[in-house]
>>> print(open('final-v9.txt').read())   # compact mmCIF, C-alpha atoms
# COMPACT_ATOMS: atom_id res chain seq x y z
CA MET A 1 46.65 9.03 -73.50
CA VAL A 2 49.25 11.66 -72.71
CA SER A 3 46.54 14.31 -72.28
CA LEU A 4 44.56 12.00 -70.02
CA LEU A 5 47.57 11.32 -67.81
CA ALA A 6 48.26 15.01 -67.64
CA ARG A 7 44.84 15.56 -66.10
CA VAL A 8 45.29 12.91 -63.39
CA PRO A 9 45.98 14.67 -60.07
CA ARG A 10 49.54 14.19 -58.89
CA ARG A 11 50.46 13.39 -55.31
CA GLY A 12 51.72 16.24 -53.16
CA ARG A 13 50.74 19.65 -54.42
CA ASP A 14 47.69 18.52 -56.44
CA LEU A 15 46.26 16.40 -53.62
CA ALA A 16 46.82 19.20 -51.19
CA ALA A 17 44.93 21.51 -53.49
CA LEU A 18 41.99 19.10 -53.52
CA ARG A 19 41.82 19.20 -49.73
CA ARG A 20 40.31 22.62 -49.59
CA PRO A 21 39.64 23.85 -46.05
CA VAL A 22 36.08 24.06 -44.92
CA PRO A 23 34.85 27.68 -45.23
CA LEU A 24 34.66 28.66 -41.58
CA LEU A 25 32.23 31.54 -41.88
CA GLY A 26 29.94 29.47 -44.11
CA VAL A 27 29.90 26.65 -41.56
CA ALA A 28 29.00 29.12 -38.81
CA GLY A 29 26.12 30.61 -40.81
CA VAL A 30 24.69 27.21 -41.75
CA ALA A 31 24.93 26.04 -38.13
CA ALA A 32 22.98 29.06 -36.89
CA LEU A 33 20.32 28.54 -39.55
CA ALA A 34 20.05 24.84 -38.70
CA VAL A 35 19.35 25.57 -35.02
CA THR A 36 16.36 27.77 -35.87
CA LEU A 37 14.99 25.49 -38.59
CA VAL A 38 15.20 22.32 -36.49
CA GLY A 39 13.79 24.04 -33.41
CA LEU A 40 10.88 25.64 -35.26
CA ALA A 41 10.14 22.41 -37.10
CA GLY A 42 9.92 20.43 -33.87
CA LEU A 43 7.86 23.05 -32.06
CA GLY A 44 5.54 23.60 -35.02
CA LEU A 45 5.03 19.86 -35.51
CA ALA A 46 4.11 19.47 -31.83
CA LEU A 47 1.51 22.23 -32.13
CA VAL A 48 0.08 20.78 -35.34
CA VAL A 49 -0.26 17.34 -33.73
CA VAL A 50 -2.01 18.86 -30.70
CA GLN A 51 -4.42 20.77 -32.92
CA THR A 52 -5.39 17.64 -34.82
CA LEU A 53 -6.84 16.29 -31.55
CA ASP A 54 -9.27 19.20 -31.33
CA PRO A 55 -12.72 17.98 -32.46
CA ALA A 56 -13.65 21.53 -33.47
CA GLY A 57 -10.76 21.76 -35.90
CA GLY A 58 -8.43 23.95 -33.86
CA LEU A 59 -5.83 26.14 -35.51
CA THR A 60 -4.77 25.73 -39.09
CA VAL A 61 -1.27 24.56 -39.93
CA ALA A 62 -0.24 28.12 -40.81
CA ASP A 63 -1.61 29.45 -37.52
CA SER A 64 0.15 26.69 -35.58
CA VAL A 65 3.45 27.55 -37.24
CA ALA A 66 2.88 31.23 -36.42
CA VAL A 67 2.26 30.36 -32.75
CA ALA A 68 5.43 28.28 -32.75
CA GLY A 69 7.37 31.23 -34.13
CA ARG A 70 5.99 33.58 -31.47
CA LEU A 71 6.87 31.13 -28.70
CA TRP A 72 10.35 30.87 -30.20
CA LEU A 73 10.77 34.64 -30.05
CA LEU A 74 9.36 34.90 -26.52
CA ALA A 75 11.82 32.26 -25.37
CA GLN A 76 14.65 34.55 -26.48
CA GLY A 77 13.36 37.56 -24.58
CA GLY A 78 11.05 38.89 -27.27
CA GLU A 79 7.87 40.87 -26.75
CA LEU A 80 4.32 40.38 -28.03
CA ASP A 81 1.57 42.98 -27.83
CA VAL A 82 -1.78 41.18 -27.98
CA GLY A 83 -3.97 44.20 -27.39
CA SER A 84 -4.32 43.78 -23.64
CA GLY A 85 -0.70 44.78 -23.17
CA PRO A 86 2.78 43.42 -23.76
CA ILE A 87 3.59 39.79 -23.02
CA VAL A 88 7.18 39.54 -21.89
CA VAL A 89 7.65 36.15 -20.24
CA ALA A 90 10.17 33.72 -21.67
CA PRO A 91 9.23 30.02 -21.40
CA LEU A 92 12.56 29.09 -19.91
CA LEU A 93 12.55 25.41 -20.82
CA LEU A 94 12.40 26.41 -24.48
CA THR A 95 15.05 29.05 -23.80
CA LEU A 96 17.35 26.37 -22.42
CA GLY A 97 16.71 24.25 -25.51
CA ILE A 98 17.65 27.11 -27.84
CA ALA A 99 20.76 27.86 -25.78
CA TRP A 100 21.81 24.21 -25.93
CA GLY A 101 21.33 24.16 -29.70
CA LEU A 102 23.39 27.33 -30.19
CA SER A 103 26.09 25.97 -27.90
CA GLN A 104 26.28 22.75 -29.89
CA ALA A 105 26.38 24.76 -33.11
CA GLY A 106 29.37 26.67 -31.76
CA ARG A 107 31.15 23.47 -30.77
CA GLY A 108 30.37 21.88 -34.13
CA PHE A 109 31.74 24.92 -35.95
CA VAL A 110 35.03 24.61 -34.07
CA ARG A 111 35.30 20.88 -34.80
CA LEU A 112 34.29 20.94 -38.47
CA GLY A 113 36.20 24.10 -39.27
CA ASP A 114 39.37 22.90 -37.55
CA VAL A 115 39.70 26.28 -35.87
CA GLY A 116 43.33 26.94 -35.04
CA SER A 117 43.38 30.41 -33.50
CA TRP A 118 41.33 32.55 -31.18
CA ARG A 119 40.79 35.04 -34.01
CA GLN A 120 39.08 32.39 -36.14
CA ALA A 121 37.00 31.31 -33.16
CA LEU A 122 35.84 34.85 -32.50
CA GLN A 123 35.03 35.47 -36.17
CA GLY A 124 33.01 32.29 -36.46
CA GLY A 125 31.21 32.97 -33.19
CA ALA A 126 30.35 36.47 -34.36
CA VAL A 127 28.90 35.10 -37.60
CA LEU A 128 26.87 32.54 -35.66
CA VAL A 129 25.41 35.20 -33.41
CA GLY A 130 24.83 37.62 -36.27
CA VAL A 131 22.99 35.08 -38.41
CA HIS A 132 20.91 34.01 -35.40
CA VAL A 133 19.87 37.62 -34.72
CA VAL A 134 19.00 38.27 -38.38
CA ILE A 135 16.90 35.10 -38.52
CA GLY A 136 15.11 36.14 -35.34
CA VAL A 137 14.28 39.57 -36.71
CA LEU A 138 13.07 38.11 -40.02
CA LEU A 139 10.93 35.60 -38.12
CA GLY A 140 9.48 38.46 -36.10
CA VAL A 141 8.53 40.27 -39.29
CA VAL A 142 6.88 37.13 -40.70
CA VAL A 143 4.78 36.27 -37.63
CA ASP A 144 3.85 39.87 -36.83
CA SER A 145 0.13 40.58 -37.06
CA PRO A 146 -2.34 43.20 -35.80
CA SER A 147 -3.50 40.83 -33.06
CA ALA A 148 0.04 39.87 -31.99
CA GLN A 149 2.54 42.61 -32.70
CA VAL A 150 6.19 41.67 -32.29
CA GLY A 151 8.59 44.11 -30.63
CA LEU A 152 11.47 43.81 -33.09
CA LEU A 153 13.98 45.85 -31.07
CA ARG A 154 13.57 43.74 -27.95
CA THR A 155 13.52 40.58 -30.08
CA ALA A 156 16.84 41.50 -31.68
CA ALA A 157 18.40 42.39 -28.33
CA GLY A 158 17.22 39.17 -26.67
CA ALA A 159 18.46 37.00 -29.53
CA ALA A 160 21.83 38.77 -29.43
CA VAL A 161 22.30 38.29 -25.69
CA LEU A 162 21.27 34.63 -25.79
CA GLY A 163 23.45 34.04 -28.83
CA VAL A 164 26.53 35.63 -27.29
CA VAL A 165 26.18 33.61 -24.08
CA ALA A 166 25.35 30.25 -25.68
CA VAL A 167 27.67 30.46 -28.68
CA GLY A 168 30.46 31.92 -26.56
CA TRP A 169 30.14 29.01 -24.15
CA GLY A 170 30.21 26.40 -26.93
CA VAL A 171 33.07 27.96 -28.88
CA GLY A 172 35.04 28.68 -25.71
CA ARG A 173 34.71 25.13 -24.40
CA GLU A 174 35.51 23.39 -27.68
CA SER A 175 38.40 25.64 -28.69
CA GLY A 176 39.96 25.71 -25.23
CA LEU A 177 39.69 29.49 -24.92
CA LEU A 178 37.54 29.22 -21.80
CA ASP A 179 40.07 26.96 -20.08
CA ASP A 180 42.90 29.30 -21.02
CA VAL A 181 41.06 32.24 -19.47
CA LEU A 182 40.24 30.33 -16.29
CA ASP A 183 43.85 29.13 -15.98
CA GLU A 184 44.98 32.75 -15.76
CA LEU A 185 42.71 33.41 -12.78
CA PRO A 186 43.61 32.67 -9.13
CA GLY A 187 43.39 29.05 -8.04
CA GLY A 188 40.19 29.39 -6.02
CA VAL A 189 38.10 30.81 -8.85
CA ARG A 190 37.24 27.50 -10.52
CA PRO A 191 36.07 25.82 -7.29
CA MET A 192 34.06 28.94 -6.47
CA LEU A 193 32.31 28.95 -9.84
CA ARG A 194 31.62 25.22 -9.54
CA GLY A 195 30.12 25.83 -6.14
CA VAL A 196 27.86 28.59 -7.45
CA LEU A 197 26.63 26.37 -10.28
CA ALA A 198 26.07 23.39 -7.98
CA GLY A 199 24.21 25.52 -5.44
CA LEU A 200 22.02 27.17 -8.07
CA LEU A 201 21.05 23.86 -9.66
CA THR A 202 20.28 22.43 -6.22
CA ALA A 203 18.07 25.40 -5.35
CA LEU A 204 16.13 25.25 -8.63
CA ALA A 205 15.69 21.49 -8.39
CA ALA A 206 14.32 21.82 -4.85
CA CYS A 207 12.00 24.62 -5.98
CA ALA A 208 10.72 22.42 -8.81
CA VAL A 209 9.91 19.75 -6.22
CA VAL A 210 7.94 22.35 -4.25
CA VAL A 211 5.97 23.20 -7.42
CA ALA A 212 5.24 19.50 -8.00
CA ILE A 213 4.04 19.03 -4.41
CA ALA A 214 1.80 22.09 -4.64
CA LEU A 215 0.27 20.87 -7.90
CA ALA A 216 -0.25 17.35 -6.54
CA SER A 217 -1.98 18.72 -3.47
CA ASP A 218 -4.56 20.45 -5.69
CA ALA A 219 -4.81 18.03 -8.59
CA SER A 220 -8.57 18.39 -8.62
CA GLY A 221 -8.26 22.15 -9.09
CA TYR A 222 -5.85 21.62 -11.98
CA ALA A 223 -8.25 19.18 -13.66
CA ALA A 224 -11.27 21.43 -13.13
CA LEU A 225 -9.52 24.46 -14.59
CA SER A 226 -8.25 22.44 -17.53
CA ARG A 227 -11.75 21.15 -18.30
CA SER A 228 -13.26 24.61 -18.02
CA LEU A 229 -11.02 25.88 -20.80
CA GLY A 230 -12.45 23.39 -23.29
CA GLY A 231 -10.63 21.95 -26.27
CA ALA A 232 -11.04 18.33 -25.16
CA ALA A 233 -7.79 16.38 -25.40
CA ALA A 234 -6.16 19.06 -27.54
CA GLY A 235 -6.74 21.77 -24.94
CA ALA A 236 -5.54 19.63 -22.05
CA LEU A 237 -2.44 18.48 -23.91
CA GLY A 238 -1.62 21.98 -25.11
CA LEU A 239 -1.98 23.46 -21.63
CA LEU A 240 0.16 20.67 -20.21
CA GLY A 241 2.86 21.42 -22.77
CA LEU A 242 2.74 25.13 -21.94
CA GLY A 243 2.99 24.31 -18.25
CA VAL A 244 6.07 22.17 -18.87
CA LEU A 245 7.72 25.01 -20.80
CA LEU A 246 6.99 27.35 -17.90
CA LEU A 247 8.13 24.96 -15.15
CA PRO A 248 11.54 26.65 -14.73
CA ASN A 249 9.71 29.98 -14.43
CA ALA A 250 7.58 28.53 -11.64
CA ALA A 251 10.70 27.17 -9.92
CA ALA A 252 12.30 30.62 -10.09
CA ALA A 253 9.17 32.15 -8.52
CA VAL A 254 9.33 29.61 -5.69
CA LEU A 255 12.95 30.63 -5.16
CA GLY A 256 11.63 34.08 -4.27
CA LEU A 257 9.19 32.43 -1.88
CA ALA A 258 11.93 30.32 -0.29
CA ALA A 259 14.16 33.35 0.16
CA GLY A 260 11.38 35.27 1.92
CA PRO A 261 10.17 38.09 -0.36
CA GLY A 262 7.70 35.82 -2.18
CA PHE A 263 6.45 36.22 -5.74
CA PHE A 264 3.75 38.06 -7.68
CA VAL A 265 1.24 36.77 -10.22
CA GLY A 266 -0.03 40.18 -11.17
CA THR A 267 -0.13 43.13 -8.81
CA GLY A 268 -3.14 41.69 -6.99
CA THR A 269 -1.62 38.32 -6.03
CA LEU A 270 1.35 37.96 -3.71
CA VAL A 271 2.48 34.70 -2.12
CA SER A 272 5.11 34.86 0.62
CA VAL A 273 5.81 33.40 4.03
CA HIS A 274 4.58 36.66 5.56
CA GLY A 275 1.11 36.38 4.05
CA VAL A 276 -0.94 35.59 0.96
CA THR A 277 -2.92 38.09 -1.09
CA LEU A 278 -5.17 36.61 -3.75
CA GLY A 279 -6.44 38.39 -6.83
CA ALA A 280 -7.45 37.59 -10.40
CA VAL A 281 -4.89 35.43 -12.21
CA PRO A 282 -4.70 34.02 -15.77
CA ALA A 283 -6.66 30.85 -16.46
CA LEU A 284 -3.57 28.64 -16.57
CA PRO A 285 -3.91 25.19 -14.94
CA MET A 286 -0.40 25.42 -13.47
CA LEU A 287 -1.63 28.30 -11.30
CA ALA A 288 -3.78 25.77 -9.45
CA ALA A 289 -0.65 25.38 -7.33
CA LEU A 290 -1.36 28.80 -5.80
CA PRO A 291 -2.94 28.78 -2.31
CA ASP A 292 -6.73 28.60 -2.27
CA THR A 293 -6.97 30.81 0.82
CA GLN A 294 -5.01 33.62 2.39
CA ALA A 295 -3.44 31.20 4.85
CA VAL A 296 0.24 30.55 4.19
CA PRO A 297 0.60 26.87 3.20
CA LEU A 298 2.95 24.59 5.11
CA ILE A 299 5.06 23.91 2.02
CA ALA A 300 5.91 27.64 1.90
CA PHE A 301 7.43 27.49 5.38
CA VAL A 302 9.31 24.28 4.56
CA SER A 303 10.73 25.84 1.39
CA GLN A 304 12.68 28.37 3.48
CA VAL A 305 15.43 25.78 3.99
CA ILE A 306 16.25 25.81 0.27
CA PRO A 307 18.72 28.76 0.28
CA GLY A 308 20.56 27.21 3.21
CA ILE A 309 20.75 23.81 1.52
CA ALA A 310 21.95 25.42 -1.70
CA GLY A 311 24.65 27.19 0.32
CA LEU A 312 25.73 23.91 1.90
CA VAL A 313 26.07 22.30 -1.52
CA ALA A 314 28.00 25.29 -2.87
CA GLY A 315 30.35 25.35 0.11
CA ALA A 316 30.97 21.60 0.08
CA THR A 317 31.77 21.79 -3.63
CA VAL A 318 34.25 24.59 -3.00
CA GLY A 319 35.96 22.72 -0.17
CA ARG A 320 36.34 19.52 -2.18
CA HIS A 321 37.75 21.17 -5.31
CA LEU A 322 40.27 23.56 -3.80
CA GLY A 323 43.82 22.59 -4.73
CA GLY A 324 46.63 21.68 -2.38
CA ARG A 325 48.16 25.16 -2.63
CA ASP A 326 44.92 27.09 -2.22
CA GLY A 327 45.12 27.43 1.56
CA GLY A 328 43.42 25.80 4.52
CA SER A 329 40.02 25.93 6.15
CA VAL A 330 40.05 29.69 6.72
CA VAL A 331 40.68 30.42 3.03
CA ALA A 332 38.09 27.83 2.08
CA GLY A 333 35.56 29.52 4.35
CA LEU A 334 36.19 32.88 2.73
CA VAL A 335 35.91 31.41 -0.76
CA GLY A 336 32.73 29.64 0.33
CA LEU A 337 31.30 32.90 1.65
CA LEU A 338 32.01 34.56 -1.69
CA SER A 339 30.42 31.64 -3.54
CA GLY A 340 27.28 32.09 -1.42
CA VAL A 341 27.15 35.80 -2.27
CA LEU A 342 27.59 35.03 -5.96
CA LEU A 343 24.88 32.40 -5.62
CA GLY A 344 22.57 35.16 -4.45
CA LEU A 345 23.47 37.29 -7.47
CA ALA A 346 22.93 34.33 -9.79
CA SER A 347 19.55 33.70 -8.15
CA GLY A 348 18.57 37.31 -8.75
CA LEU A 349 19.56 36.98 -12.40
CA VAL A 350 17.49 33.82 -12.81
CA VAL A 351 14.49 35.46 -11.13
CA TRP A 352 14.82 38.49 -13.41
CA ILE A 353 14.98 36.33 -16.54
CA ALA A 354 12.03 34.19 -15.42
CA GLY A 355 9.75 37.12 -14.61
CA GLY A 356 8.09 39.70 -16.79
CA SER A 357 4.57 40.81 -17.61
CA LEU A 358 1.44 39.27 -19.09
CA GLY A 359 -0.22 42.53 -20.10
CA ASP A 360 -1.06 45.92 -18.70
CA GLY A 361 -2.70 46.76 -15.40
CA ASN A 362 -2.97 43.96 -12.86
CA LEU A 363 -0.80 41.54 -14.87
CA SER A 364 2.05 43.94 -15.48
CA LEU A 365 4.17 42.20 -12.82
CA VAL A 366 4.86 38.46 -12.76
CA GLY A 367 7.63 36.77 -10.81
CA ALA A 368 9.70 37.34 -7.70
CA PRO A 369 11.29 40.69 -6.78
CA VAL A 370 14.84 40.61 -8.11
CA LEU A 371 16.87 42.64 -5.62
CA ALA A 372 15.10 41.35 -2.53
CA THR A 373 15.50 37.73 -3.66
CA ALA A 374 19.16 38.19 -4.55
CA GLY A 375 19.95 39.81 -1.19
CA ALA A 376 18.05 37.23 0.85
CA VAL A 377 19.64 34.26 -0.91
CA ALA A 378 23.10 35.79 -0.64
CA ALA A 379 22.71 36.36 3.11
CA GLN A 380 21.38 32.88 3.84
CA SER A 381 23.53 30.81 1.49
CA GLY A 382 26.69 32.81 2.20
CA ILE A 383 26.73 31.77 5.86
CA THR A 384 26.07 28.09 5.24
CA ALA A 385 28.47 28.00 2.28
CA ALA A 386 31.30 29.42 4.41
CA VAL A 387 30.78 26.80 7.11
CA ALA A 388 30.42 23.93 4.64
CA ALA A 389 33.52 24.96 2.69
CA ALA A 390 35.66 25.21 5.83
CA VAL A 391 34.50 21.81 7.11
CA ALA A 392 34.95 20.14 3.72
CA ARG A 393 38.43 21.58 3.38
CA TRP A 394 39.40 20.48 6.88
CA ARG A 395 38.17 16.93 6.22
CA SER A 396 39.99 16.76 2.89
CA GLN A 397 43.28 17.74 4.58
CA SER A 398 42.92 15.45 7.58
>>> encode(input="final-v9.txt", output="structure tokens")
Amino acid sequence: MVSLLARVPRRGRDLAALRRPVPLLGVAGVAALAVTLVGLAGLGLALVVVQTLDPAGGLTVADSVAVAGRLWLLAQGGELDVGSGPIVVAPLLLTLGIAWGLSQAGRGFVRLGDVGSWRQALQGGAVLVGVHVVIGVLLGVVVDSPSAQVGLLRTAAGAAVLGVVAVGWGVGRESGLLDDVLDELPGGVRPMLRGVLAGLLTALAACAVVVAIALASDASGYAALSRSLGGAAAGALGLLGLGVLLLPNAAAAVLGLAAGPGFFVGTGTLVSVHGVTLGAVPALPMLAALPDTQAVPLIAFVSQVIPGIAGLVAGATVGRHLGGRDGGSVVAGLVGLLSGVLLGLASGLVVWIAGGSLGDGNLSLVGAPVLATAGAVAAQSGITAAVAAAVARWRSQS
């Protein structure tokens, strides 16, 4: 009995010893692994279900999983060489999903690990990013084949950049590091950043509406192209899913159109408000939204108001969120002007991420021109943002 009582944990020191802290670096590694496993499982399952609808049998389960892995790598900025040239186009909807998962993993690491210092947060974030990059490279090795060669260097770089941005955002928000950094900046910085984000989301949402209108206006062309590719229900459903994943890419291309420079679908096809040049394009039903003739469609002219509207939203956001000590309408106008310029830079970044290539030769260029789009959006949205910020600030003080 005495020996039994001696083994019973005592209150105080013994109970404290039982409450061992959660291993922070282990939590970070498991979180990064979970993001990839859950994402690949969902994407692979979707492809397997689609292939079961193919009356001809479609891809095998192993091939479907391999396709899911390649899409996963492309979404992170990877590169595939399929013989006809490199494919470097990230399906941005999937990219956003991966970024959200990594961000949540970073926030979960901070909560579960009870992170108490910025050093611990940085160490855990580094482990999260490192494990994510290693998993991406290993996945690239597994899905690599003679018919679809994976560019491992670009895959590693893309996974690292996406990991740093997404994990850094999640860890910074949950640990309070991001707020601490922003608190050290001048008072107008937060309203300016909010304005840029609001304006960019407004512009992309409006561009997505333009894509939807263009597709609806040529629904028959979409259906005819989808039927011509075969595959019955499986082919139609698979192409629809691919189109959904590429919808943000299409919205980014329309942003180039709205700004003025237009966008390319290969070197032989240019769509802008100054003219339309049509050439051979990939057999993707979403491209039915392209003009059928060299006449500039009406929706292209209407879309030119998008940068101005985005600037108005950015400026109004700036004017409403400036603090009482941040100055009057003149200061608000200057901050709004800067938010419009930054909105142009952000638009150029989005256009650059959304573009790429679908092979060599005529398809080596896909998307809107980066510098021209950034400059045009900055010029148009900067003016309207300055006016909107000044008016919003004046109304808030009156």
>>> closest_residue(input="final-v9.txt", among="A:Ser396, A:Gln304, A:Thr60, A:Thr317", to="Gln380 in chain A", atoms="only C-alpha atoms")
A:Gln304
>>> closest_residue(input="final-v9.txt", among="A:Gln294, A:Gln76, A:Ser303, A:Asn362", to="Val254 in chain A", atoms="only C-alpha atoms")
A:Ser303
>>> residues_around(input="final-v9.txt", residues="range 98-102 of chain A", least_positions_apart="5", cutoff="10 Å", atoms="only C-alpha atoms", output="ChimeraX atom specification")
/A:31-36,38-39,72,75-76,92-93,107-108,128-129,132,162-171
>>> atom_distance(input="final-v9.txt", atom1="CA of Arg393 in chain A", atom2="CA of Ala205 in chain A")
25.6 Å
>>> atom_distance(input="final-v9.txt", atom1="CA of Gly308 in chain A", atom2="CA of Ser381 in chain A")
5.0 Å
>>> atom_distance(input="final-v9.txt", atom1="CA of Gly69 in chain A", atom2="CA of Leu43 in chain A")
8.5 Å
>>> closest_residue(input="final-v9.txt", among="A:Ala390, A:Val370, A:Ala206, A:Val331", to="Val305 in chain A", atoms="all atoms listed in the file")
A:Ala206
>>> residues_around(input="final-v9.txt", residues="Thr293 in chain A", least_positions_apart="4", cutoff="12 Å", atoms="all atoms listed in the file", output="PyMOL selection string")
chain A and resi 269-271+275-279+288-289+297
>>> axis_aligned_box(input="final-v9.txt", around="range 90-93 of chain A", padding_each_side="4 Å", output="lines of an AutoDock Vina configuration file")
center_x = 10.9
center_y = 29.6
center_z = -20.8
size_x = 11.3
size_y = 16.3
size_z = 9.8
>>> residues_near_point(input="final-v9.txt", point="(3.3, 48.5, -31.0)", cutoff="10 Å", atoms="only C-alpha atoms", output="number ranges by chain")
A: 79-83, 85-86, 146, 148-152
>>> write_last_selection(input="final-v9.txt", atoms="C-alpha atoms", output="short mmCIF file (atom, residue, chain, number, x, y, z; two decimals), in the coordinates of the input")
data_model
loop_
_atom_site.label_atom_id
_atom_site.label_comp_id
_atom_site.auth_asym_id
_atom_site.auth_seq_id
_atom_site.Cartn_x
_atom_site.Cartn_y
_atom_site.Cartn_z
CA GLU A 79 7.87 40.87 -26.75
CA LEU A 80 4.32 40.38 -28.03
CA ASP A 81 1.57 42.98 -27.83
CA VAL A 82 -1.78 41.18 -27.98
CA GLY A 83 -3.97 44.20 -27.39
CA GLY A 85 -0.70 44.78 -23.17
CA PRO A 86 2.78 43.42 -23.76
CA PRO A 146 -2.34 43.20 -35.80
CA ALA A 148 0.04 39.87 -31.99
CA GLN A 149 2.54 42.61 -32.70
CA VAL A 150 6.19 41.67 -32.29
CA GLY A 151 8.59 44.11 -30.63
CA LEU A 152 11.47 43.81 -33.09
#
>>> closest_residue(input="final-v9.txt", among="A:Gly29, A:Val210, A:Leu71, A:Gly256", to="Val127 in chain A", atoms="only C-alpha atoms")
A:Gly29
>>> closest_residue(input="final-v9.txt", among="A:Ala392, A:Ala354, A:Val335, A:Ala157", to="Gly78 in chain A", atoms="all atoms listed in the file")
A:Ala157
>>> residues_near_point(input="final-v9.txt", point="(27.0, 20.5, -39.8)", cutoff="8 Å", atoms="all atoms listed in the file", output="PyMOL selection string")
chain A and resi 27+30-31+105+108-109+112
